[in-house]
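Trainee: Below you'll find the structure I mean.
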Amino acid sequence: MRKHALPGRGRSQGVSAIAALVAVLSAGVALSGCGSTRASASTPRTTPIVERDFHIQAPTTLHSGTVTLRIHNEGPDQHELIIVPGTIASLPLRKDGLTVDEETVESSEPGSLEPGEPGSTRDLTVDLRPGRYVFFCNMEGHFMAGMHAEVEVQ
Amino acid sequence: MTDLRSGILRPFHMRGRWLLAAIPLTFLVTAAVGVVVTLTLSARAKDRAAVVQVAARQRMLAERYLNELLLVKAGQQADPQTIGADLNESAHALLEGGTVPAVKGDDDDATVAAATGTVLRRQLEEQIKLIADLRGSGQALLTGGRPPEPTGGETLPAGNPLMRARILVALTSATALNAARTVAARADDSVQRLLDAEIALSIGGLIVSLLLAGLLILILSRQTAHFRALAKSSTDLVAVIDPHGCRYVSDSLAAKAGRPAPQLLGDGLLALVGEQDRELLGTVARTGTPSSFIFTLVDAGGEERTLEAHVTDLRGERHLRGVVLNARDITERVRLEAELREKARRDGFATQLAEALEMADEELDVCEVVEHAMGDVSEATPMELLLSDSSRASLRRVASNDGVEPPGCPVRSPFSCVAVRRGSAVTFESSEDLNACPHLRGRPSGACSAVCVPVSFMGRSLGVLHTTGPDGEAPGAERVERLRTLAAQAGARIGTVRAFQKTQLQASTDSLTGLINRRSAEEQMRGLLRARRPFALALGDLDHFKQLNDTHGHEAGDRALRLFADVARRSIRDLDTIARWGGEEFVVLLPDLDRFGAIEVLERMRAALARAHPGETPRFTVSFGVSDTQQAQSASLLFRVADEGLYAAKLAGRDRVSIGTIPDEESQGPRRLDVELPSDEEEEFEPLTGGGQQDNGAPLNSGSEGPEEANGTRAGAASATVKRARRTPGAKRPRA
């Protein structure tokens with residue numbers, strides 16, 4: 001597992017609940033803003049990503065540039081999202097043969113999300129250059145059980 | 001009842017009592033809720049811990065299942081089926097509730113409740129699917145059969161059963177971890193909520209308690225203010241004392257003492273207490289007894305105040321540790337009581353005086369009572385009662401205070417006395433004052449103060465009550481008041497007695513002559529004797545009266561008697577008395593005269609008789625025998641001496657006045673006149689000598705109704721006639 005970059009599990013539930021509420025509200029604001037600013041080129045695009053046991057549903061192609069990925073975890077387990085350039089077959093595995101060797105690909109990944117609670121929706125803004133990327137969850141066995149998707153950025 | 005509960009009618013000192021109960025009650029409720037919360041919390045935490053343990057154990061079981069599989073695959077003895085079954089049962093127990101099987105060598109059976117919450121249930125359902133897939137894959141691995149289709153949404157590589165099993169173990173393990181984490185998170189969550197509730201409860205309880213305490217302090221301070229106001233406005237004088245001195249004095253007591261309260265603390269109060277009361281106060285401070293006492297306090301003005309204190313022994317009361325005195329100023333009351341006592345005494349004096357006077361029948365008795373009363377008014381003070389006689393011509397001292405020289409007012413006429421003239425009491429501060437009564441000046445006793453109270457009866461002045469004192473120190477109002485009482489009562493009595501006597505006098509007047517009769521004369525004489533008033537006594541007898549009677553008839557005799565009475569009445573002074581003694585005998589009482597003075601009066605009378613025109617009555621003369629109080633002090637002796645004089649006058653030829661001589665006690669002279677004498681005894685036999693003394697055959701008849709004697713039965717000179725003395729009712733009266 002990677003180190004936590006976002007508020008972790010140690011915080012109280014109340015605080016995380018408030019954080020979630022803030023996130024939902026800001027999401028709503030962002031969504032409402034979306035409709036009115038679709039024409040504007042400078043506005044980051046929002047792309048929905050759905051995770052569930054044990055699939056990642058993502059568009060197969062994306063435009064290059066800054067993109068906001070709205071990741072919804074349908075559960076029932078926690079899932080993370082790691083984006084690395086390359087193809088599924090090209091990802092190096094750890095010695096156990098069950099998880100991707102994140103440390104190796106870390107330097108090249110445009111972005112990642114820590115494990116999220118089932119039912120949560122989070123945004124991840126990344127700057128994607130054209131090429132192939134793999135979106136995957138590297139929790140214990142999840143990658144191997146099929147939680148990965150290849151995306152073509154043009 | 002409801003009114004009592006609504007703070008308006010409830011006594012203020014009762015307010016705030018409920019608060020005293022409410023504060024600990026609040027704490028109690030808070031603490032109880034806290035304990036319940038903690039107990040619930042720990043019980044739930046225990047349950048959660050069990051669930052978390054079981055959930056986490058699934059991870060370990062999944063790993064062990066793989067190990068057992070591998071061991072079997074390597075030809076070792078192992079039992080993956082049991083582990084797989086345990087995995088499955090445990091997952092179902094976690095989801096639906098029930099008994100979690102014991103894992104060999106690990107732990108015991110445990111019972112868990114059914115899972116709640118959508119997330120947890122979905123995670124457990126997912127876990128069950130994965131376990132089923134795992135067990136299928138494991139079976140396939142062992143038997144080399146075809147693994148079943150995955151049911152949990154996972155995608156598995158085909159053709160590598162071991163890899164499939166490993167992936168499934170990893171997924172199961174991750175799911176189990178997720179479930180355990182969810183349970184733990186929810187446990188955390190509820191613990192946090194309960195902790196929050198408990199903290200809120202504690203803070204709330206604390207705030208409520210603080211509010212109640214504040215309210216209590218407010219009410220108590222108002223209550224204290226109430227009591228302080230009560231204590232301050234109380235007129236009670238309060239002090240707290242102990243053996244070391246005074247510890248507290250109320251403002252009212254300080255005000256009473258006229259000193260600031262701090263000055264009275266310690267020994268300050270004791271210094272103001274009357275000397276004789278200090279020891280008493282010390283005893284009270286030490287013993288708390290007596291329960292009440294009276295002491296005196298000198299105030300700032302130097303005036304002595306009398307205080308009555310009630311003692312409350314609070315030496316055992318740890319807030320006070322002293323004796324509380326609740327005192328009241330009773331100075332006024334004490335003074336009033338003394339006044340009332342004095343008034344009662346005065347009233348007593350008046351009552352006693354009235355009773356004593358009521359028993360006094362005669363003026364002389366009244367004077368005696370007055371003398372006695374003078375001693376009651378003021379002992380050994382010069383005091384006298386000056387009275388005018390019936391003629392009101394002159395004042396005479398009739399009573400004086402015993403044991404001291406009487407003041408000796410030289411006033412003679414009632415109308416030269418200023419008090420009599422004014423008709424009201426007069427007080428003179430000093431005889432030397434310009435406006436002092438001239439009668440006070442030049443007395444042998446020197447300068448003096450004086451009080452003169454007129455004595456009167458029905459507006460007619462009778463005399464004056466007079467007292468003197470040291471110069472410049474006139475008697476106080478109280479003594480003057482008593483003198484007034486004495487003067488008023490004595491005046492009333494004397495007036496009554498005199499009026500009565502006058503009535504008596506009228507009733508006892510001789511009808512023929514209009515003169516008073518014998519009995520009245522006797523009483524008057526007794527009065528004079530008792531008063532030790534000098535007087536002269538004359539016995540008169542008309543000369544040759546029997547002859548006149550016999551010759552000219554009784555009518556002529558009566559006319560002669562009336563004529564003599566008229567002449568005699570005109571001839572005597574106002575204060576003199578003439579009475580018809582009986583027959584042709586008369587008695588004249590001449591106060592303040594001796595026998596020689598009496599002769600002058602009687603000679604005037606004889607001359608007037610000689611001048612009088614008798615009309616149809618033949619001329620007649622009168623003979624007198626005279627005695628006075630210088631010669632004799634008893635009635636009988638006075639009569640005997642006068643009788644001697646009369647006898648001598650008759651013997652010397654009649655129509656004259658003779659002074660009697662005191663008879664020799666041993667050989668009483670012969671008695672020609674049978675004058676009945678007043679006697680001290682009830683019955684008295686008096687030897688009378690007769691015979692040889694009569695001349696001209698005209699014996700003087702002494703009895704008004706004694707014809708047998710007048711008939712010259714006493715002719716036998718040698719024979720002594722013993723005659724029983726006759727007595728009129730008046731003569732029988734015992735005399736003092």
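Every chain in the structure tokens has a letter given in the order shown (A, B, ...), and although residue numbers restart at 1 in each chain, ligands are simply numbered from 1 in the order shown.
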Please identify all residues of chain B having at least one atom at most 10 Å from any atom of chain A, considering only C-alpha atoms, and return them as a ChimeraX atom specification.
Mentor: /B:118-127,152-157,163-164,166-179,181-182,185-186,188-190,192-193
Trainee: Save the residues we just selected, C-alpha atoms, as a CSV table (one decimal), in the first residue's frame?
Mentor:
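Generated file (selection02.csv):
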```csv
chain,number,residue,atom,x,y,z
B,118,THR,CA,-25.9,-1.7,4.3
B,119,VAL,CA,-22.2,-1.3,3.7
B,120,LEU,CA,-21.2,-4.0,6.2
B,121,ARG,CA,-23.9,-6.4,5.0
B,122,ARG,CA,-22.8,-5.9,1.4
B,123,GLN,CA,-19.2,-6.5,2.3
B,124,LEU,CA,-20.2,-9.7,4.2
B,125,GLU,CA,-22.3,-10.9,1.3
B,126,GLU,CA,-19.4,-10.2,-1.1
B,127,GLN,CA,-17.2,-12.1,1.3
B,152,GLY,CA,-18.3,-12.2,-6.7
B,153,GLY,CA,-17.7,-10.0,-9.8
B,154,GLU,CA,-14.0,-10.9,-10.0
B,155,THR,CA,-12.3,-11.9,-13.2
B,156,LEU,CA,-9.9,-14.8,-12.8
B,157,PRO,CA,-7.2,-16.1,-15.1
B,163,MET,CA,-3.3,-18.6,-9.1
B,164,ARG,CA,-7.0,-18.4,-8.9
B,166,ARG,CA,-4.3,-17.2,-4.4
B,167,ILE,CA,-6.2,-14.3,-5.9
B,168,LEU,CA,-9.4,-15.4,-4.2
B,169,VAL,CA,-7.5,-15.7,-0.9
B,170,ALA,CA,-6.2,-12.2,-1.4
B,171,LEU,CA,-9.7,-10.9,-2.2
B,172,THR,CA,-11.3,-12.7,0.7
B,173,SER,CA,-8.6,-11.4,2.9
B,174,ALA,CA,-9.0,-7.9,1.7
B,175,THR,CA,-12.8,-8.1,2.0
B,176,ALA,CA,-12.5,-9.5,5.5
B,177,LEU,CA,-10.2,-6.7,6.4
B,178,ASN,CA,-12.7,-4.2,4.9
B,179,ALA,CA,-15.5,-5.7,7.0
B,181,ARG,CA,-12.5,-2.0,9.4
B,182,THR,CA,-16.2,-1.1,8.8
B,185,ALA,CA,-15.2,2.4,12.2
B,186,ARG,CA,-18.8,2.1,13.3
B,188,ASP,CA,-15.4,4.2,16.8
B,189,ASP,CA,-18.2,6.2,15.6
B,190,SER,CA,-20.6,5.1,18.3
B,192,GLN,CA,-17.3,8.9,19.8
B,193,ARG,CA,-21.0,9.7,19.8
```
Trainee: Could you give me, as an MDAnalysis selection string, the residues within 10 Å of Asn73 in chain A, counting only C-alpha atoms and dropping anything in the same chain fewer than 6 positions from it?
Mentor: chainID A and resid 49:53 56 79:81 115:122
Trainee: Please write the residues from the selection above to a file, keeping C-alpha atoms, as a PDB file, in the first residue's frame.
Mentor:
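Result file is out_17.pdb:
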```pdb
ATOM      1  CA  ILE A  49     -15.188   6.781 -13.342  1.00  0.00           C
ATOM      2  CA  VAL A  50     -17.079   4.009 -11.511  1.00  0.00           C
ATOM      3  CA  GLU A  51     -15.366   1.426  -9.354  1.00  0.00           C
ATOM      4  CA  ARG A  52     -16.950  -1.678  -7.883  1.00  0.00           C
ATOM      5  CA  ASP A  53     -15.890  -5.151  -6.781  1.00  0.00           C
ATOM      6  CA  ILE A  56     -13.305  -0.158 -13.172  1.00  0.00           C
ATOM      7  CA  HIS A  79     -11.008   0.897  -3.658  1.00  0.00           C
ATOM      8  CA  GLU A  80      -8.195   3.155  -4.731  1.00  0.00           C
ATOM      9  CA  LEU A  81      -7.377   4.508  -8.160  1.00  0.00           C
ATOM     10  CA  PRO A 115      -8.619   3.872  -0.883  1.00  0.00           C
ATOM     11  CA  GLY A 116     -12.080   5.343  -0.763  1.00  0.00           C
ATOM     12  CA  GLU A 117     -15.096   4.297   1.249  1.00  0.00           C
ATOM     13  CA  PRO A 118     -17.834   2.404  -0.553  1.00  0.00           C
ATOM     14  CA  GLY A 119     -20.443   4.886  -1.789  1.00  0.00           C
ATOM     15  CA  SER A 120     -17.994   7.776  -1.913  1.00  0.00           C
ATOM     16  CA  THR A 121     -17.413  10.062  -4.871  1.00  0.00           C
ATOM     17  CA  ARG A 122     -14.133  11.874  -5.207  1.00  0.00           C
TER      18      ARG A 122
END
```
Trainee: Quick one: DSSP strand (DSSP E or B) residues in range 236-331 of chain B, as an MDAnalysis selection string?
Mentor: chainID B and resid 237:242 245:249 266 273 292:298 304:314 322:329
Trainee: One decimal, Å: what's the distance from CA of Gln633 in chain B over to CA of Gln504 in chain B, could you say?
Mentor: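 Separating CA of Gln633 in chain B from CA of Gln504 in chain B is a distance of 25.6 Å.
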Trainee: Please provide as a JSON list (two decimals) with C-alpha atoms, in the first residue's frame all residues within 9 Å of range 17-25 of chain B, with the sequence filter that same-chain residues fewer than 5 positions apart are discarded (counting only C-alpha atoms).
Mentor:
```json
[["chain", "number", "residue", "atom", "x", "y", "z"],
["B", 30, "THR", "CA", -25.51, 13.67, 35.44],
["B", 208, "VAL", "CA", -27.15, 23.80, 35.33],
["B", 209, "SER", "CA", -25.43, 23.28, 38.68],
["B", 210, "LEU", "CA", -23.60, 26.57, 38.34],
["B", 212, "LEU", "CA", -28.58, 26.77, 40.43],
["B", 213, "ALA", "CA", -25.67, 27.63, 42.69],
["B", 215, "LEU", "CA", -29.45, 31.35, 42.06],
["B", 216, "LEU", "CA", -28.92, 29.90, 45.49]]
```
Trainee: Skip Val52 in chain B itself and residues of its chain fewer than 5 positions away, then list as a PDB file with C-alpha atoms, in the first residue's frame all residues within 7 Å of it, counting only C-alpha atoms.
Mentor:
```pdb
ATOM      1  CA  ALA B 180     -13.449  -5.593  10.158  1.00  0.00           C
ATOM      2  CA  VAL B 183     -17.188  -2.611  12.088  1.00  0.00           C
ATOM      3  CA  ALA B 184     -14.325  -0.941  13.862  1.00  0.00           C
TER       4      ALA B 184
END
```
Trainee: From the options A:Glu74, A:Glu152, A:Glu106, A:Asp101, which residue's atoms come nearest to Val134 in chain A, counting only C-alpha atoms?
Mentor: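 Closest candidate: A:Glu152.
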Trainee: As an exercise, work out the distance from CA of Met383 in chain B to CA of Pro407 in chain B in Å and give it to one decimal place.
Mentor: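 Spanning CA of Met383 in chain B to CA of Pro407 in chain B is a straight-line distance of 6.0 Å.
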Trainee: So that I can see what lies close to Ala450 in chain B, please list as a VMD selection string the residues with an atom at most 9 Å from it, counting only C-alpha atoms and leaving out residues fewer than 2 positions away in the same chain.
Mentor: chain B and resid 426 to 431 440 448 452 466 to 471 473 to 475
Trainee: List the spatial neighbours of Leu124 in chain A as a PyMOL selection string - criterion: any atom at most 9 Å away, only C-alpha atoms, same-chain residues fewer than 6 positions off excluded.
Mentor: chain A and resi 67-71+111-113
